[in-house]
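Data from run_8.cif: mmCIF, C-alpha atoms
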data_structure
loop_
_atom_site.label_atom_id
_atom_site.label_comp_id
_atom_site.auth_asym_id
_atom_site.auth_seq_id
_atom_site.Cartn_x
_atom_site.Cartn_y
_atom_site.Cartn_z
CA MET A 1 0.00 0.00 0.00
CA ARG A 2 1.50 3.31 -1.08
CA GLU A 3 1.28 6.00 1.60
CA TYR A 4 1.79 9.73 1.17
CA SER A 5 2.06 12.32 3.90
CA ILE A 6 0.11 15.50 3.21
CA ALA A 7 0.54 18.76 5.10
CA ALA A 8 -2.80 20.57 4.98
CA ILE A 9 -2.67 24.34 5.62
CA PRO A 10 -6.27 25.61 5.32
CA ALA A 11 -5.21 29.14 6.40
CA ASP A 12 -7.67 32.00 5.83
CA GLY A 13 -11.11 32.96 4.56
CA ILE A 14 -12.78 30.18 2.59
CA GLY A 15 -9.54 28.19 2.73
CA PRO A 16 -10.69 25.99 5.63
CA GLU A 17 -14.04 25.37 3.89
CA VAL A 18 -12.61 24.22 0.57
CA ILE A 19 -9.66 22.30 2.03
CA SER A 20 -12.05 20.41 4.30
CA ALA A 21 -14.16 19.59 1.24
CA GLY A 22 -11.06 18.54 -0.67
CA LEU A 23 -9.88 16.22 2.09
CA GLU A 24 -13.33 14.62 2.21
CA VAL A 25 -13.22 13.96 -1.52
CA LEU A 26 -9.67 12.59 -1.26
CA GLU A 27 -10.82 10.22 1.50
CA ALA A 28 -13.64 8.98 -0.73
CA LEU A 29 -11.12 8.49 -3.51
CA THR A 30 -8.75 6.38 -1.40
CA GLN A 31 -11.68 4.22 -0.30
CA LYS A 32 -12.81 3.64 -3.87
CA ALA A 33 -9.49 3.45 -5.70
CA GLY A 34 -7.42 1.50 -3.21
CA GLY A 35 -3.71 1.07 -3.59
CA PHE A 36 -2.70 4.20 -1.74
CA GLN A 37 -3.40 6.09 1.46
CA LEU A 38 -2.99 9.71 2.50
CA LYS A 39 -1.74 10.55 5.96
CA VAL A 40 -2.89 14.12 6.56
CA GLU A 41 -1.61 16.52 9.20
CA LYS A 42 -3.19 19.96 9.55
CA PHE A 43 -1.24 23.09 10.43
CA PRO A 44 -3.21 26.04 11.90
CA TRP A 45 -1.09 28.73 10.27
CA GLY A 46 -2.41 31.92 8.73
CA SER A 47 -3.87 35.25 9.80
CA ASP A 48 -5.38 34.00 13.05
CA TYR A 49 -2.03 32.48 13.95
CA TYR A 50 -0.41 35.84 13.12
CA LYS A 51 -2.74 37.72 15.45
CA LYS A 52 -1.72 35.44 18.31
CA HIS A 53 1.99 35.00 17.60
CA GLY A 54 3.08 37.89 15.36
CA THR A 55 4.09 35.54 12.52
CA MET A 56 2.09 33.70 9.88
CA MET A 57 3.88 30.44 10.70
CA PRO A 58 6.49 29.44 13.29
CA ALA A 59 10.17 30.12 12.65
CA ASN A 60 10.78 26.42 11.99
CA GLY A 61 7.78 26.12 9.66
CA LEU A 62 9.78 25.02 6.63
CA GLU A 63 11.61 22.45 8.72
CA LEU A 64 8.26 21.03 9.86
CA LEU A 65 6.95 20.85 6.28
CA ARG A 66 10.03 19.44 4.60
CA PRO A 67 9.40 15.70 5.32
CA PHE A 68 5.93 15.72 3.72
CA SER A 69 5.11 14.30 0.29
CA ALA A 70 3.10 17.40 -0.64
CA ILE A 71 1.39 20.47 0.81
CA TYR A 72 -2.35 21.13 0.33
CA PHE A 73 -2.92 24.85 0.82
CA GLY A 74 -6.08 26.94 1.19
CA ALA A 75 -5.69 30.71 0.90
CA VAL A 76 -4.15 33.67 2.69
CA GLY A 77 -5.54 37.10 3.40
CA ALA A 78 -7.53 38.92 6.06
CA PRO A 79 -9.26 42.30 6.12
CA ASP A 80 -7.41 43.35 9.26
CA VAL A 81 -3.90 42.14 8.32
CA PRO A 82 -1.90 43.88 5.56
CA ASP A 83 -1.75 41.77 2.41
CA HIS A 84 2.03 41.91 2.13
CA ILE A 85 2.30 40.36 5.59
CA THR A 86 -0.05 37.49 4.86
CA LEU A 87 1.46 36.72 1.46
CA TRP A 88 5.14 37.04 2.32
CA GLY A 89 4.68 35.48 5.73
CA LEU A 90 3.24 32.20 4.52
CA ARG A 91 2.62 31.42 0.86
CA LEU A 92 5.66 33.12 -0.65
CA ALA A 93 7.80 32.01 2.30
CA ILE A 94 7.00 28.41 1.36
CA CYS A 95 7.31 28.88 -2.40
CA GLN A 96 10.68 30.59 -2.15
CA GLY A 97 11.92 28.60 0.83
CA PHE A 98 11.34 25.34 -1.05
CA ASP A 99 12.41 26.75 -4.44
CA GLN A 100 9.05 25.87 -5.99
CA TYR A 101 10.05 27.72 -9.13
CA VAL A 102 7.23 26.46 -11.34
CA ASN A 103 3.71 27.71 -10.79
CA LEU A 104 1.53 25.56 -13.03
CA ARG A 105 -2.01 26.69 -13.85
CA PRO A 106 -4.11 24.55 -16.20
CA THR A 107 -7.26 26.13 -17.56
CA ARG A 108 -10.06 24.53 -19.54
CA ILE A 109 -13.82 24.65 -19.73
CA LEU A 110 -15.16 21.77 -17.64
CA GLU A 111 -18.20 19.74 -18.70
CA GLY A 112 -21.43 21.64 -18.10
CA LEU A 113 -19.72 25.03 -17.80
CA SER A 114 -19.55 27.80 -20.35
CA SER A 115 -17.22 30.68 -21.04
CA PRO A 116 -18.38 34.30 -20.85
CA LEU A 117 -16.88 34.58 -24.34
CA ARG A 118 -19.86 34.44 -26.69
CA ASP A 119 -18.43 32.17 -29.38
CA CYS A 120 -15.94 30.17 -27.30
CA LYS A 121 -16.38 26.40 -27.55
CA PRO A 122 -14.91 24.09 -24.88
CA ASN A 123 -12.12 22.89 -27.16
CA ASP A 124 -11.15 26.48 -27.92
CA LEU A 125 -9.91 27.03 -24.38
CA ASP A 126 -7.54 24.36 -23.10
CA TRP A 127 -4.42 26.09 -21.82
CA VAL A 128 -1.61 25.58 -19.37
CA ILE A 129 0.06 28.70 -18.00
CA VAL A 130 3.61 28.26 -16.72
CA ARG A 131 4.50 31.01 -14.26
CA GLU A 132 8.01 31.69 -12.99
CA ASN A 133 7.45 31.48 -9.26
CA THR A 134 10.51 32.53 -7.25
CA GLU A 135 12.06 35.66 -8.77
CA GLY A 136 11.09 38.34 -11.29
CA GLU A 137 8.76 41.04 -10.03
CA TYR A 138 8.11 39.17 -6.75
CA SER A 139 11.73 38.97 -5.66
CA GLY A 140 11.10 41.20 -2.65
CA GLN A 141 14.03 43.46 -3.52
CA GLY A 142 13.73 47.19 -2.95
CA GLY A 143 12.94 49.57 -0.15
CA ARG A 144 11.61 52.92 1.01
CA ALA A 145 13.42 56.01 2.18
CA HIS A 146 12.49 59.45 3.57
CA ARG A 147 9.17 58.14 4.83
CA GLY A 148 6.56 60.82 5.38
CA PHE A 149 8.47 63.54 3.54
CA PRO A 150 7.64 64.97 0.10
CA GLU A 151 10.76 63.31 -1.30
CA GLU A 152 9.73 59.86 -0.05
CA VAL A 153 10.80 57.17 -2.51
CA ALA A 154 9.88 53.51 -2.92
CA THR A 155 11.71 51.05 -5.15
CA GLU A 156 10.64 47.57 -6.25
CA THR A 157 13.35 45.78 -8.20
CA SER A 158 12.63 42.87 -10.49
CA ILE A 159 15.33 40.20 -10.50
CA PHE A 160 15.88 37.97 -13.52
CA THR A 161 18.74 35.48 -13.35
CA ARG A 162 20.04 33.38 -16.22
CA ARG A 163 19.52 30.25 -14.14
CA GLY A 164 15.99 31.23 -13.13
CA VAL A 165 14.80 32.22 -16.60
CA THR A 166 16.48 29.29 -18.33
CA ARG A 167 14.97 26.66 -16.05
CA ILE A 168 11.41 28.00 -16.31
CA MET A 169 11.75 28.37 -20.08
CA ARG A 170 13.07 24.83 -20.43
CA PHE A 171 10.19 23.51 -18.29
CA ALA A 172 7.69 25.35 -20.51
CA PHE A 173 9.20 24.03 -23.75
CA GLN A 174 9.27 20.49 -22.33
CA LEU A 175 5.63 20.77 -21.31
CA ALA A 176 4.63 22.14 -24.71
CA GLN A 177 6.49 19.28 -26.37
CA GLN A 178 4.42 16.77 -24.38
CA ARG A 179 1.08 18.34 -25.29
CA PRO A 180 -0.65 17.37 -28.56
CA ARG A 181 -0.37 20.78 -30.26
CA LYS A 182 3.30 21.36 -29.31
CA LEU A 183 2.59 25.09 -29.23
CA LEU A 184 4.15 27.62 -26.85
CA THR A 185 3.60 31.35 -26.42
CA VAL A 186 6.25 33.34 -24.57
CA VAL A 187 4.88 36.49 -22.91
CA THR A 188 7.02 39.53 -22.13
CA LYS A 189 6.96 43.33 -22.19
CA SER A 190 10.30 43.79 -23.89
CA ASN A 191 9.34 46.88 -25.85
CA ALA A 192 9.17 48.91 -22.63
CA GLN A 193 11.25 46.87 -20.17
CA ARG A 194 14.44 46.81 -22.16
CA HIS A 195 16.69 44.91 -19.76
CA GLY A 196 14.96 42.09 -17.89
CA MET A 197 12.37 41.41 -20.58
CA VAL A 198 14.85 41.52 -23.45
CA PHE A 199 16.92 39.08 -21.41
CA TRP A 200 13.79 36.89 -21.11
CA ASP A 201 13.31 37.01 -24.90
CA GLU A 202 16.93 36.13 -25.59
CA ILE A 203 16.89 33.11 -23.31
CA ALA A 204 13.60 31.92 -24.87
CA ALA A 205 15.30 31.96 -28.28
CA GLU A 206 18.31 30.07 -26.89
CA VAL A 207 16.24 27.36 -25.21
CA SER A 208 13.97 26.96 -28.24
CA LYS A 209 16.90 25.47 -30.17
CA GLU A 210 16.71 22.43 -27.88
CA PHE A 211 13.08 21.82 -28.93
CA PRO A 212 12.85 22.12 -32.74
CA GLU A 213 9.49 20.33 -32.79
CA VAL A 214 7.84 23.00 -30.61
CA ILE A 215 6.18 25.86 -32.48
CA TRP A 216 6.59 29.03 -30.46
CA ASP A 217 5.79 32.70 -30.70
CA LYS A 218 6.10 35.83 -28.58
CA MET A 219 3.47 38.24 -27.30
CA LEU A 220 3.63 41.46 -25.34
CA VAL A 221 1.57 41.02 -22.20
CA ASP A 222 -0.97 43.73 -23.05
CA ALA A 223 -1.55 42.25 -26.51
CA MET A 224 -1.79 38.83 -24.87
CA THR A 225 -4.90 39.83 -22.94
CA THR A 226 -6.56 40.71 -26.22
CA ARG A 227 -5.53 37.44 -27.84
CA MET A 228 -6.84 35.41 -24.89
CA VAL A 229 -10.25 37.03 -25.30
CA ALA A 230 -10.45 37.31 -29.08
CA LYS A 231 -8.57 34.21 -30.25
CA PRO A 232 -8.51 31.64 -27.41
CA ALA A 233 -8.11 28.69 -29.79
CA SER A 234 -4.77 30.10 -30.97
CA LEU A 235 -3.18 29.40 -27.57
CA ASP A 236 -2.07 26.23 -25.78
CA THR A 237 0.97 26.44 -23.47
CA ILE A 238 1.93 29.87 -22.14
CA VAL A 239 4.99 30.96 -20.19
CA ALA A 240 5.34 34.31 -18.46
CA THR A 241 7.00 36.10 -15.59
CA ASN A 242 5.85 35.96 -12.00
CA LEU A 243 3.68 39.10 -12.24
CA HIS A 244 2.45 38.72 -15.80
CA ALA A 245 1.41 35.08 -15.38
CA ASP A 246 -0.26 35.88 -12.06
CA ILE A 247 -2.53 38.35 -13.84
CA LEU A 248 -3.06 36.34 -17.01
CA SER A 249 -4.00 33.17 -15.12
CA ASP A 250 -6.79 34.97 -13.26
CA LEU A 251 -8.11 36.19 -16.61
CA ALA A 252 -7.84 32.65 -17.93
CA ALA A 253 -9.86 31.25 -15.02
CA ALA A 254 -12.58 33.85 -15.52
CA LEU A 255 -12.75 33.04 -19.23
CA ALA A 256 -13.16 29.35 -18.35
CA GLY A 257 -16.12 30.10 -16.10
CA SER A 258 -14.96 31.19 -12.64
CA LEU A 259 -11.97 31.74 -10.38
CA GLY A 260 -13.64 29.16 -8.14
CA ILE A 261 -12.74 26.25 -10.41
CA ALA A 262 -9.07 26.96 -11.05
CA PRO A 263 -6.15 25.00 -9.53
CA THR A 264 -2.48 25.74 -9.04
CA GLY A 265 0.63 23.72 -8.39
CA ASN A 266 3.72 25.36 -6.90
CA ILE A 267 6.23 22.78 -8.00
CA ASP A 268 9.84 21.87 -7.41
CA PRO A 269 10.43 19.72 -10.52
CA GLU A 270 13.62 18.29 -9.06
CA ARG A 271 11.65 17.05 -6.00
CA ARG A 272 14.21 18.27 -3.49
CA PHE A 273 11.37 19.68 -1.41
CA PRO A 274 7.61 19.10 -1.15
CA SER A 275 5.53 20.88 -3.76
CA MET A 276 2.45 22.88 -2.74
CA PHE A 277 -0.98 22.78 -4.34
CA GLU A 278 -3.72 25.40 -3.93
CA PRO A 279 -6.86 26.74 -5.59
CA ILE A 280 -6.24 30.21 -7.01
CA HIS A 281 -9.39 31.95 -5.77
CA GLY A 282 -7.89 33.53 -2.65
CA ALA A 283 -9.46 34.03 0.77
CA ALA A 284 -12.76 35.50 -0.55
CA PHE A 285 -13.81 37.00 2.77
CA ASP A 286 -17.01 38.33 1.23
CA ILE A 287 -18.43 34.79 1.19
CA THR A 288 -16.55 33.24 4.11
CA GLY A 289 -18.83 31.25 6.38
CA LYS A 290 -21.81 31.37 4.03
CA GLY A 291 -21.32 27.80 2.82
CA ILE A 292 -21.35 28.76 -0.85
CA ALA A 293 -17.64 28.65 -1.72
CA ASN A 294 -16.98 26.66 -4.87
CA PRO A 295 -14.90 23.59 -3.91
CA ILE A 296 -14.16 22.58 -7.52
CA GLY A 297 -10.89 24.52 -7.52
CA ALA A 298 -9.79 22.59 -4.43
CA PHE A 299 -10.82 19.28 -6.05
CA TRP A 300 -8.91 20.02 -9.27
CA THR A 301 -5.98 21.12 -7.11
CA ALA A 302 -6.14 17.76 -5.31
CA ALA A 303 -6.02 16.05 -8.71
CA MET A 304 -2.86 18.01 -9.56
CA MET A 305 -1.36 16.90 -6.25
CA LEU A 306 -2.18 13.26 -6.98
CA ALA A 307 -0.67 13.60 -10.46
CA HIS A 308 2.53 14.92 -8.89
CA LEU A 309 2.55 11.90 -6.57
CA GLY A 310 2.17 9.58 -9.54
CA GLU A 311 -1.40 8.38 -8.92
CA LYS A 312 -2.65 8.74 -12.51
CA ASP A 313 -5.66 6.43 -12.16
CA ALA A 314 -6.88 8.37 -9.13
CA VAL A 315 -6.53 11.62 -11.07
CA GLN A 316 -8.71 10.26 -13.86
CA ARG A 317 -11.31 9.00 -11.39
CA LEU A 318 -11.43 12.31 -9.51
CA MET A 319 -11.72 14.55 -12.56
CA HIS A 320 -14.33 12.24 -14.09
CA ALA A 321 -16.39 12.60 -10.90
CA VAL A 322 -15.94 16.38 -10.86
CA GLU A 323 -17.11 16.73 -14.44
CA ARG A 324 -20.09 14.44 -13.86
CA VAL A 325 -21.19 16.91 -11.20
CA THR A 326 -20.49 20.07 -13.21
CA ALA A 327 -22.30 18.52 -16.19
CA SER A 328 -25.32 17.79 -14.00
CA GLY A 329 -25.90 21.50 -13.45
CA LEU A 330 -25.17 21.43 -9.72
CA HIS A 331 -23.33 24.75 -9.54
CA THR A 332 -22.40 27.17 -6.77
CA PRO A 333 -23.39 30.86 -7.09
CA ASP A 334 -20.14 31.91 -8.78
CA LEU A 335 -21.20 29.68 -11.69
CA GLY A 336 -24.75 31.01 -11.69
CA GLY A 337 -26.25 28.24 -9.56
CA LYS A 338 -27.63 27.89 -6.04
CA ALA A 339 -25.76 24.86 -4.74
CA THR A 340 -23.81 24.95 -1.50
CA THR A 341 -20.27 23.80 -0.85
CA ARG A 342 -21.71 20.85 1.06
CA GLU A 343 -24.01 19.79 -1.80
CA VAL A 344 -21.26 19.89 -4.42
CA THR A 345 -18.86 18.00 -2.16
CA SER A 346 -21.40 15.27 -1.41
CA ALA A 347 -22.24 14.96 -5.10
CA VAL A 348 -18.58 14.53 -6.06
CA CYS A 349 -18.09 11.92 -3.32
CA ASP A 350 -21.17 10.03 -4.58
CA ALA A 351 -19.85 10.23 -8.15
CA ILE A 352 -16.53 8.76 -7.02
CA HIS A 353 -18.20 5.85 -5.24
CA SER A 354 -20.51 5.09 -8.15
CA SER A 355 -17.88 5.47 -10.86
CA ASN A 356 -16.64 2.59 -12.96
CA VAL A 357 -13.63 4.54 -14.19
#
For this file, produce the structure as structure tokens.
Amino acid sequence: MREYSIAAIPADGIGPEVISAGLEVLEALTQKAGGFQLKVEKFPWGSDYYKKHGTMMPANGLELLRPFSAIYFGAVGAPDVPDHITLWGLRLAICQGFDQYVNLRPTRILEGLSSPLRDCKPNDLDWVIVRENTEGEYSGQGGRAHRGFPEEVATETSIFTRRGVTRIMRFAFQLAQQRPRKLLTVVTKSNAQRHGMVFWDEIAAEVSKEFPEVIWDKMLVDAMTTRMVAKPASLDTIVATNLHADILSDLAAALAGSLGIAPTGNIDPERRFPSMFEPIHGAAFDITGKGIANPIGAFWTAAMMLAHLGEKDAVQRLMHAVERVTASGLHTPDLGGKATTREVTSAVCDAIHSSNV
């Protein structure tokens, strides 16, 4: 029996609601699929922990997480804690501390859902966005001086290293090579950002020589938003910087139906450290505690985690169950329905138990 240790960090807002739902679905999956078990340990880190202890996680947090097979993460953010504290104190501390340099965000239109794009068919929107996840615009380099005076200045320095750009570009080309269309779009803003982004373009051209079978093109990030909306079928695999991909992937999720369905993997491809998996929707405090959070993003995230662990059959079974439920019309309010988190979770568990996949 294969056993995996999972560190669950529900954290803030709707995080505890959707992670609880995800763990319930994973338990149903292990019962049905057999062959593997998940040993889950929860960590009560996040904004409430910060209010009690002054930190989002303990000083030895990374040391505590390091032995686990994977991390299942909810969301960070609180109305009464500054966003830069919640993000840098927990999520980014884990991503950078474990060198999870790939942020992987698949996007497609699930069965029973529709895009807000009028003429977009399901097959027109099936993308994977590869986001550089440890440097770039989120390097945390910069500072402020002369606070409170008219000459106050703030700097935020983007860091692009040859090692960092090369490894994310190579990952993106490899991924594109494995997908049926073998198509990659490299996103930059090199017309205006003439150092870091030109560097990004140059390394893309260098790495492309290793993958002659991959068809690739370049887009400026502002033009890319237009292409995503107007010509979604022209895209497949996309690679972009930390900031640009962060923004584009939220647009992608909205075009596929809702932020509530979208998953993310923060991945260390070399497997030196545990990778972390999370839905992208954030803490969503406006609906916290109402029981209407969409758990589909957490379920798809769980499928990404299982794929990383090598449980391909379980991934197929889980996503088949999810799409049976979305196709049935049982949708939470973000998708235009009236279903609760509890109802969707129960339906997916039932679909798992009744599946012949």
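Residues with any atom within 10 Å of segment 148-157 of chain A, counting only C-alpha atoms and excluding same-chain neighbours fewer than 4 positions away, are A:Gly136, A:Glu137, A:Tyr138, A:Ser139, A:Gly140, A:Gln141, A:Gly142, A:Gly143, A:Arg144.
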Would you write out those residues with C-alpha atoms, as a compact mmCIF listing (two decimals), keeping the file's coordinate frame?
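This went into selection10.txt:
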# COMPACT_ATOMS: atom_id res chain seq x y z
CA GLY A 136 11.09 38.34 -11.29
CA GLU A 137 8.76 41.04 -10.03
CA TYR A 138 8.11 39.17 -6.75
CA SER A 139 11.73 38.97 -5.66
CA GLY A 140 11.10 41.20 -2.65
CA GLN A 141 14.03 43.46 -3.52
CA GLY A 142 13.73 47.19 -2.95
CA GLY A 143 12.94 49.57 -0.15
CA ARG A 144 11.61 52.92 1.01
List as a tab-separated table every residue of segment 102-169 of chain A that is in contact with segment 256-260 of chain A, defined as an atom at most 12 Å from one of its atoms (using all atoms listed in the file), together with the nearest atom pair and the distance in Å rounded to one decimal, sorted by chain and then rising number.
residue	atom	partner	partner_atom	distance
A:Arg105	CA	A:Leu259	CA	11.7
A:Pro106	CA	A:Ala256	CA	10.5
A:Thr107	CA	A:Ala256	CA	6.8
A:Arg108	CA	A:Ala256	CA	5.9
A:Ile109	CA	A:Ala256	CA	4.9
A:Leu110	CA	A:Ala256	CA	7.9
A:Glu111	CA	A:Ala256	CA	10.9
A:Gly112	CA	A:Gly257	CA	10.2
A:Leu113	CA	A:Gly257	CA	6.4
A:Ser114	CA	A:Gly257	CA	5.9
A:Ser115	CA	A:Ala256	CA	5.0
A:Pro116	CA	A:Gly257	CA	6.7
A:Leu117	CA	A:Ala256	CA	8.8
A:Arg118	CA	A:Ala256	CA	11.8
A:Cys120	CA	A:Ala256	CA	9.4
A:Lys121	CA	A:Ala256	CA	10.2
A:Pro122	CA	A:Ala256	CA	8.6
A:Asn123	CA	A:Ala256	CA	11.0
A:Asp124	CA	A:Ala256	CA	10.2
A:Leu125	CA	A:Ala256	CA	7.2
A:Asp126	CA	A:Ala256	CA	8.9
A:Trp127	CA	A:Ala256	CA	10.0
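Take atom CA of Arg324 of chain A and atom CA of Lys39 of chain A: the distance between them is 27.3 Å.
Nearest residue to Val187 of chain A among A:Val207, A:Met224, A:Ala339, A:Ile352 is A:Met224, counting only C-alpha atoms.
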Near-Leu248 of chain A list (12 Å; only C-alpha atoms; drop same-chain fewer than 2 positions) as JSON, numbers by chain | {"A": [105, 106, 107, 127, 128, 129, 130, 131, 187, 188, 220, 221, 222, 223, 224, 225, 226, 227, 228, 229, 238, 239, 240, 241, 242, 243, 244, 245, 246, 250, 251, 252, 253, 254, 255]}
Residues matched by the PyMOL selection byres ((chain A and resi 46) around 9) as a PyMOL selection string = chain A and resi 9-12+44-45+47-51+55-57+75-77+86+89-90
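Nearest to Ser249 of chain A of all the residues A:His281, A:Arg317, A:Arg91, A:Lys231 is A:His281, based on only C-alpha atoms.
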How many Å separate atom CA of Val102 of chain A from atom CA of Ile168 of chain A?
-> 6.7 Å
Could you jot down the atom CA of Gly34 of chain A to atom CA of Thr345 of chain A separation for me, Å, one decimal place?
-> 20.1 Å
Give me the result of the PyMOL selection byres ((chain A and resi 14-28) around 7) on this file, residue by residue, as number ranges by chain.
-> A: 10-13, 29-32, 74-75, 283-285, 288, 293, 295, 298-299, 302, 345, 349, 352
May I have the residues from that selection written out with C-alpha atoms, as a PDB file, keeping the file's coordinate frame?
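And here is the file that came out, out.pdb:
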ATOM      1  CA  PRO A  10      -6.270  25.610   5.320  1.00  0.00           C
ATOM      2  CA  ALA A  11      -5.210  29.140   6.400  1.00  0.00           C
ATOM      3  CA  ASP A  12      -7.670  32.000   5.830  1.00  0.00           C
ATOM      4  CA  GLY A  13     -11.110  32.960   4.560  1.00  0.00           C
ATOM      5  CA  LEU A  29     -11.120   8.490  -3.510  1.00  0.00           C
ATOM      6  CA  THR A  30      -8.750   6.380  -1.400  1.00  0.00           C
ATOM      7  CA  GLN A  31     -11.680   4.220  -0.300  1.00  0.00           C
ATOM      8  CA  LYS A  32     -12.810   3.640  -3.870  1.00  0.00           C
ATOM      9  CA  GLY A  74      -6.080  26.940   1.190  1.00  0.00           C
ATOM     10  CA  ALA A  75      -5.690  30.710   0.900  1.00  0.00           C
ATOM     11  CA  ALA A 283      -9.460  34.030   0.770  1.00  0.00           C
ATOM     12  CA  ALA A 284     -12.760  35.500  -0.550  1.00  0.00           C
ATOM     13  CA  PHE A 285     -13.810  37.000   2.770  1.00  0.00           C
ATOM     14  CA  THR A 288     -16.550  33.240   4.110  1.00  0.00           C
ATOM     15  CA  ALA A 293     -17.640  28.650  -1.720  1.00  0.00           C
ATOM     16  CA  PRO A 295     -14.900  23.590  -3.910  1.00  0.00           C
ATOM     17  CA  ALA A 298      -9.790  22.590  -4.430  1.00  0.00           C
ATOM     18  CA  PHE A 299     -10.820  19.280  -6.050  1.00  0.00           C
ATOM     19  CA  ALA A 302      -6.140  17.760  -5.310  1.00  0.00           C
ATOM     20  CA  THR A 345     -18.860  18.000  -2.160  1.00  0.00           C
ATOM     21  CA  CYS A 349     -18.090  11.920  -3.320  1.00  0.00           C
ATOM     22  CA  ILE A 352     -16.530   8.760  -7.020  1.00  0.00           C
TER      23      ILE A 352
END
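Checking A:Val214, A:Ala59, A:Met276, A:Ala204 one by one against Asp236 of chain A, counting all atoms listed in the file, you find the shortest gap at A:Val214.
Comparing the minimum interatomic distances between Ala307 of chain A and each of A:Ala78, A:Ile280, A:Ile267, A:Ala205, counting all atoms listed in the file, we find that A:Ile267 sits nearest.
Shortest atom-to-atom contact with Arg271 of chain A among A:Asp99, A:Glu3, A:Glu343, A:Glu202: A:Asp99, counting all atoms listed in the file.
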Compile the contact shell of Val40 of chain A as a CSV table (one decimal) with C-alpha atoms, in the coordinates of the input: residues with an atom at most 6 Å away, counting only C-alpha atoms, same-chain residues fewer than 4 positions apart removed.
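The new file around_37.csv reads:
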chain,number,residue,atom,x,y,z
A,5,SER,CA,2.1,12.3,3.9
A,6,ILE,CA,0.1,15.5,3.2
A,7,ALA,CA,0.5,18.8,5.1
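Closest approach to Leu87 of chain A among A:Arg272, A:Gly282, A:Ala230, A:Glu132: A:Gly282, based on only C-alpha atoms.
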